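Novice: Next comes final-v5.txt, compact mmCIF, C-alpha atoms:
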```txt
# COMPACT_ATOMS: atom_id res chain seq x y z
CA MET G 1 98.29 83.04 98.62
CA CYS G 2 99.95 84.37 101.75
CA MET G 3 102.48 87.12 101.08
CA ALA G 4 105.03 87.44 103.90
CA SER G 5 108.08 89.34 105.05
CA ALA G 6 108.69 87.51 108.35
CA LEU G 7 110.03 84.14 107.26
CA ASP G 8 110.17 82.40 110.63
CA ILE G 9 106.66 83.49 111.60
CA ILE G 10 105.17 82.31 108.30
CA GLN G 11 107.05 79.00 108.55
CA ALA G 12 105.46 78.44 111.96
CA GLY G 13 101.97 79.24 110.58
CA LYS G 14 102.26 76.84 107.60
CA PRO G 15 99.93 78.43 105.04
CA PRO G 16 99.22 76.30 101.96
CA ARG G 17 101.02 78.79 99.67
CA ALA G 18 103.36 81.61 100.58
CA THR G 19 105.81 84.02 99.05
CA PHE G 20 108.52 85.70 101.06
CA VAL G 21 110.04 89.10 100.37
CA ASP G 22 112.96 90.03 102.63
CA TYR G 23 111.78 93.56 103.49
CA PRO G 24 111.27 95.31 106.85
CA LEU G 25 107.80 94.68 108.35
CA GLY G 26 105.16 97.01 106.94
CA HIS G 27 106.29 96.54 103.31
CA THR G 28 105.01 93.07 102.45
CA ALA G 29 103.51 94.43 99.20
CA GLY G 30 106.43 96.65 98.19
CA LYS G 31 108.42 99.82 98.77
CA PRO G 32 106.53 103.10 99.25
CA PHE G 33 105.92 105.11 96.08
CA ASP G 34 107.70 102.47 93.99
CA PRO G 35 104.97 101.12 91.70
CA ASP G 36 107.42 98.96 89.73
CA ASP G 37 108.54 97.19 92.91
CA GLN G 38 104.95 96.83 94.12
CA LEU G 39 103.80 95.42 90.78
CA ALA G 40 106.73 93.00 90.63
CA ILE G 41 105.97 91.58 94.09
CA ILE G 42 102.23 91.15 93.56
CA ARG G 43 102.75 89.74 90.07
CA GLU G 44 105.19 87.17 91.46
CA GLY G 45 102.73 86.26 94.19
CA LEU G 46 99.96 85.71 91.66
CA ILE G 47 102.19 83.67 89.34
CA ALA G 48 103.12 81.50 92.33
CA LEU G 49 99.41 81.10 93.13
CA GLU G 50 98.92 79.66 89.66
CA THR G 51 102.07 77.55 89.40
CA MET G 52 102.65 76.10 92.89
CA ARG G 53 101.74 72.45 93.09
CA THR G 54 102.71 71.44 96.65
CA ALA G 55 101.23 72.59 99.96
CA GLY G 56 103.52 74.32 102.41
CA ARG G 57 106.12 75.67 100.00
CA ILE G 58 107.43 79.21 100.42
CA HIS G 59 108.45 80.98 97.21
CA ARG G 60 111.29 83.43 97.91
CA LEU G 61 111.40 86.63 95.88
CA PRO G 62 114.74 88.11 94.77
CA ASN G 63 113.87 91.74 95.66
CA ARG G 64 116.31 93.52 97.95
CA TRP G 65 115.35 96.36 100.29
CA SER G 66 118.72 98.12 100.02
CA ALA G 67 122.25 97.51 98.84
CA ASP G 68 123.28 96.48 102.35
CA ASP G 69 121.36 94.65 105.08
CA ALA G 70 121.92 97.22 107.84
CA TRP G 71 118.15 97.40 108.57
CA LYS G 72 118.20 93.79 109.75
CA GLN G 73 120.42 94.57 112.72
CA GLN G 74 117.77 96.75 114.33
CA ALA G 75 114.86 94.53 113.24
CA GLY G 76 116.53 91.46 114.73
CA ALA G 77 117.90 93.12 117.87
CA THR G 78 117.39 91.14 121.07
CA THR G 79 117.50 94.30 123.18
CA GLY G 80 115.43 97.45 123.04
CA ALA G 81 112.05 98.87 124.03
CA ASP G 82 108.64 97.25 123.60
CA THR G 83 107.22 99.06 120.55
CA ARG G 84 103.63 97.90 121.10
CA ARG G 85 100.99 100.48 121.95
CA PRO G 86 98.87 100.18 125.10
CA ARG G 87 96.05 97.67 124.61
CA ASP G 88 93.20 100.20 124.40
CA GLU G 89 89.63 99.07 123.89
CA THR G 90 88.42 102.20 122.11
CA PRO G 91 88.90 102.87 118.39
CA GLN G 92 92.34 104.34 117.72
CA PHE G 93 91.73 106.66 114.79
CA GLN G 94 94.70 107.74 112.72
CA THR G 95 93.52 111.34 113.04
CA GLU G 96 90.73 113.19 114.86
CA ALA G 97 89.27 114.05 111.44
CA ASP G 98 88.79 110.29 110.88
CA ARG G 99 86.80 110.09 114.11
CA ALA G 100 84.58 112.94 112.94
CA ALA G 101 84.12 111.23 109.55
CA ALA G 102 83.08 107.97 111.24
CA ILE G 103 80.56 109.83 113.40
CA ALA G 104 79.23 111.75 110.38
CA ALA G 105 78.84 108.44 108.48
CA GLY G 106 76.86 107.00 111.39
CA ALA G 107 79.50 104.28 111.87
CA LEU G 108 80.52 105.52 115.31
CA VAL G 109 78.01 106.71 117.84
CA GLN G 110 79.57 109.45 119.90
CA GLU G 111 79.70 108.58 123.54
CA ILE G 112 77.55 110.92 125.58
CA ARG G 113 78.11 110.78 129.30
CA ALA G 114 75.17 111.80 131.45
CA ASN G 115 76.22 114.67 133.66
CA SER G 116 74.42 113.58 136.76
CA MET O 1 119.98 85.68 106.23
CA SER O 2 116.43 86.74 107.05
CA VAL O 3 115.57 88.32 110.39
CA ASN O 4 114.69 85.84 113.13
CA TYR O 5 111.74 87.74 114.58
CA ILE O 6 110.54 85.05 116.96
CA ARG O 7 113.93 84.76 118.63
CA ALA O 8 114.52 88.54 118.71
CA ILE O 9 111.10 89.45 120.13
CA THR O 10 111.07 86.57 122.62
CA GLU O 11 114.43 87.70 123.96
CA ARG O 12 113.49 91.39 123.96
CA TYR O 13 110.35 90.76 126.02
CA ARG O 14 112.23 88.43 128.40
CA ARG O 15 114.79 91.15 129.12
CA LEU O 16 111.98 93.63 129.76
CA GLY O 17 110.36 91.19 132.19
CA HIS O 18 107.23 90.75 130.04
CA GLN O 19 105.08 87.69 129.64
CA PRO O 20 106.41 85.50 126.82
CA TYR O 21 104.48 86.01 123.59
CA ARG O 22 102.86 82.78 122.41
CA TRP O 23 103.55 82.49 118.69
CA PHE O 24 101.10 80.63 116.54
CA GLU O 25 102.44 77.29 115.43
CA ALA O 26 100.28 75.25 113.07
CA ASP O 27 99.47 71.86 114.56
CA SER O 28 98.68 70.23 111.22
CA GLU O 29 99.96 70.22 107.66
CA PRO O 30 98.37 72.82 105.36
CA PRO O 31 95.41 71.81 103.19
CA TRP O 32 95.62 72.09 99.41
CA ARG O 33 93.19 73.19 96.76
CA ALA O 34 94.42 73.66 93.20
CA LEU O 35 93.52 76.81 91.32
CA ASP O 36 91.15 75.52 88.67
CA LYS O 37 91.32 78.39 86.19
CA PRO O 38 93.98 80.67 84.75
CA LEU O 39 94.84 83.94 86.50
CA LYS O 40 93.24 85.98 83.74
CA LYS O 41 89.87 84.37 84.53
CA ILE O 42 89.89 84.51 88.33
CA ARG O 43 87.98 86.80 90.64
CA LEU O 44 90.48 87.85 93.27
CA GLY O 45 90.02 88.88 96.90
CA LEU O 46 92.40 90.66 99.27
CA LEU O 47 92.94 90.65 103.02
CA THR O 48 95.46 92.62 105.01
CA THR O 49 96.04 92.17 108.74
CA ALA O 50 97.58 95.66 109.03
CA GLY O 51 94.44 97.27 110.49
CA ALA O 52 93.41 99.18 107.35
CA TYR O 53 90.10 101.05 107.44
CA ALA O 54 88.51 103.55 105.09
CA LEU O 55 87.60 107.12 105.93
CA GLY O 56 84.11 107.03 107.47
CA GLN O 57 84.66 103.60 109.06
CA VAL O 58 85.48 102.91 112.70
CA ALA O 59 89.18 102.43 113.45
CA PHE O 60 90.40 99.24 115.12
CA HIS O 61 91.29 99.23 118.78
CA TYR O 62 94.48 97.67 120.02
CA LYS O 63 93.25 95.06 122.50
CA ASP O 64 92.26 91.88 120.69
CA ASP O 65 89.97 93.61 118.18
CA SER O 66 88.67 90.59 116.26
CA SER O 67 86.40 92.56 113.89
CA ILE O 68 86.85 92.96 110.15
CA ARG O 69 86.34 95.90 107.78
CA GLU O 70 84.94 95.61 104.28
CA ILE O 71 86.68 98.15 102.07
CA PRO O 72 85.48 98.69 98.47
CA SER O 73 88.16 97.62 96.01
CA ASP O 74 87.70 100.95 94.20
CA VAL O 75 88.43 102.96 97.38
CA ALA O 76 90.49 106.11 96.84
CA GLU O 77 93.98 105.49 98.17
CA GLN O 78 94.01 108.82 100.00
CA ASN O 79 90.98 107.62 102.02
CA LEU O 80 92.78 104.63 103.54
CA ARG O 81 93.83 104.70 107.19
CA PHE O 82 95.46 102.26 109.62
CA SER O 83 95.22 101.39 113.30
CA HIS O 84 97.27 98.54 114.73
CA ILE O 85 98.90 97.74 118.07
CA THR O 86 102.30 97.93 116.37
CA GLU O 87 101.89 101.35 114.77
CA ASN O 88 105.66 101.61 114.37
CA PHE O 89 105.49 99.37 111.29
CA LEU O 90 102.86 101.59 109.63
CA VAL O 91 104.87 104.73 108.91
CA ASP O 92 105.19 103.93 105.20
CA PRO O 93 101.73 102.35 104.69
CA LYS O 94 100.18 105.57 106.05
CA ARG O 95 101.99 107.46 103.25
CA ASP O 96 101.44 104.80 100.57
CA PRO O 97 98.91 102.10 101.50
CA ASN O 98 100.10 99.92 98.60
CA CYS O 99 103.04 98.86 100.81
CA ILE O 100 100.70 96.59 102.76
CA PHE O 101 97.19 96.88 101.25
CA PRO O 102 97.89 96.77 97.50
CA VAL O 103 94.61 98.17 96.16
CA GLY O 104 96.23 100.37 93.51
CA THR O 105 98.62 97.60 92.48
CA LEU O 106 95.77 95.11 92.03
CA ARG O 107 93.67 97.61 90.10
CA LYS O 108 96.55 98.04 87.65
CA LEU O 109 96.92 94.26 87.27
CA ALA O 110 93.18 93.88 86.69
CA ARG O 111 93.18 96.70 84.12
CA GLU O 112 95.97 95.07 82.15
CA GLY O 113 94.16 91.71 82.28
CA PHE O 114 96.79 89.95 84.40
CA VAL O 115 93.94 88.85 86.68
CA GLY O 116 90.33 88.52 85.60
CA GLU O 117 88.56 90.80 88.05
CA LEU O 118 88.70 92.04 91.63
CA ALA O 119 86.14 91.36 94.34
CA ASP O 120 83.84 94.32 95.02
CA GLU O 121 84.95 94.36 98.66
CA PHE O 122 88.43 93.79 100.07
CA PHE O 123 88.96 92.96 103.76
CA SER O 124 91.06 94.09 106.66
CA CYS O 125 91.60 93.02 110.24
CA MET O 126 93.96 94.03 113.04
CA GLY O 127 96.53 91.26 113.21
CA GLY O 128 97.70 91.92 116.76
CA ILE O 129 95.08 89.68 118.38
CA TYR O 130 96.64 87.81 121.27
CA SER O 131 93.78 85.37 121.72
CA GLN O 132 94.27 82.52 119.26
CA ARG O 133 90.85 81.23 120.30
CA ARG O 134 89.21 84.47 119.21
CA VAL O 135 90.99 84.35 115.85
CA ARG O 136 89.80 80.78 115.29
CA GLU O 137 86.27 81.33 116.54
CA GLU O 138 85.55 84.93 115.48
CA THR O 139 87.87 86.49 112.91
CA ALA O 140 88.62 83.47 110.69
CA PRO O 141 84.99 82.30 110.26
CA ALA O 142 83.83 85.89 109.60
CA LEU O 143 86.50 86.28 106.92
CA LEU O 144 85.60 82.95 105.35
CA GLU O 145 81.95 83.98 105.07
CA ALA O 146 82.94 87.40 103.74
CA PHE O 147 85.16 85.87 101.03
CA LYS O 148 82.39 83.41 100.10
CA ALA O 149 79.94 86.28 99.76
CA GLN O 150 82.39 87.94 97.36
CA ARG O 151 82.50 84.70 95.27
CA VAL O 152 86.28 84.87 94.92
CA ASP O 153 88.31 82.11 93.27
CA ALA O 154 91.42 83.02 95.27
CA ALA O 155 92.68 85.70 97.62
CA LEU O 156 95.91 87.39 98.55
CA LEU O 157 96.61 87.56 102.29
CA VAL O 158 99.02 90.34 103.19
CA PRO O 159 100.14 90.23 106.81
CA MET O 160 102.29 92.93 108.32
```
Write out the structure in this file as structure tokens.

Specialist:
Amino acid sequence: MCMASALDIIQAGKPPRATFVDYPLGHTAGKPFDPDDQLAIIREGLIALETMRTAGRIHRLPNRWSADDAWKQQAGATTGADTRRPRDETPQFQTEADRAAAIAAGALVQEIRANS
Amino acid sequence: MSVNYIRAITERYRRLGHQPYRWFEADSEPPWRALDKPLKKIRLGLLTTAGAYALGQVAFHYKDDSSIREIPSDVAEQNLRFSHITENFLVDPKRDPNCIFPVGTLRKLAREGFVGELADEFFSCMGGIYSQRRVREETAPALLEAFKAQRVDAALLVPM
């Protein structure tokens, strides 16, 4: 079951089963610190997994992000900056402490440059 | 009306003089496999493409990182981290990972018997991979093998 919050992108990808919640990107599985909303979305997704009978259908959930749809103006704006980060090829840890934890766990070998 | 992301982003990049982004468009109709047991008997897997990793694991990098992370389904929520080329969408998931990687939500549903059980390992990848070939040849087959190894009956895929 593919959960989605970008309807046009998921329509182009044609997964066998999908649910759509009309929330800003980054919240496909619910609003932050709102366990009732999160449970409702995942429960609906699982029920759809069990009850859908036809490939390619998209089950739309009734949840609303806010009383008005003001957030959609910015999300759908055709002008504005490129929000992507530079395409680095080194791990981009959320914090330096995470880098230290990965090194301590032996998952990341610290790069040692020979000082020649 | 839902947001038309493809149109908005295509136009935004065109105005900025960037290369057009090539959206994935499926070239065939989706396959179908019926779920052959009730939800309360299934073993369920989870994949997010939001670049989740657990404390102690290596973060993703932003340029076509096709690797996957195996994250225990009993991971502590405060030990979840994210790295993704579009970090701007991760403000809330970094505060509450259940927004995009619903580990706590699924644990509750498993505890109350709504689903049978959870896979031991959940999965994560960094969805901003621009090479469709690498997704087809590297990420997708690795995920398929990983899900098979977890013996799941079904999985939730949670893209960002």

Novice: Kindly indicate which residue among G:Ala97, G:Val21, G:Ala29, G:Ile41 lies nearest to chain O, using all atoms listed in the file for the distances.

Specialist: G:Ala29

Novice: Determine the nearest neighbour of Ala107 (chain G) from the options O:Val58, O:Ala26, O:Leu109, O:Leu39, counting only C-alpha atoms.

Specialist: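 The closest residue to Ala107 (chain G) is O:Val58.
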
Novice: Could you tell me which of G:Ala81, G:Ala102, G:Ala55, G:Ala4 comes closest to Ala8 (chain O) if we count only C-alpha atoms?

Specialist: G:Ala81

Novice: Find the distance between CA of Gln38 (chain G) and CA of Leu156 (chain O) and write it in Å to one decimal.

Specialist: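 For CA of Gln38 (chain G) relative to CA of Leu156 (chain O), the distance reads 13.8 Å.
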
Novice: Starting from the point (94.6, 91.7, 103.7), work out which residues of protein, DNA or RNA have an atom no more than 9 Å away when counting only C-alpha atoms; state them as a list in words.

Specialist: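 With a cut-off of 9 Å, the residues come to Gly45, Leu46, Leu47, Thr48, Thr49, Ala50, Gly51, Ala52, Ile100, Phe101, Pro102, Phe122, Phe123, Ser124, Cys125, Ala155, Leu156, Leu157, Val158 and Pro159 of chain O.
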
Novice: Pick out the closest residue to chain O from this set: G:Gln74, G:Gln92, G:Gln11, G:Thr19. Count all atoms listed in the file.

Specialist: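 Ranked by minimum distance to chain O, first place goes to G:Gln92.
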
Novice: Compute the set of chain G residues within 7 Å of chain O, using only C-alpha atoms, and express it as a PyMOL selection string.

Specialist: chain G and resi 1-4+6-9+12-16+22+25-33+38-39+50+55-56+72+75-80+83-85+87-94+98+101-102+105+107-108
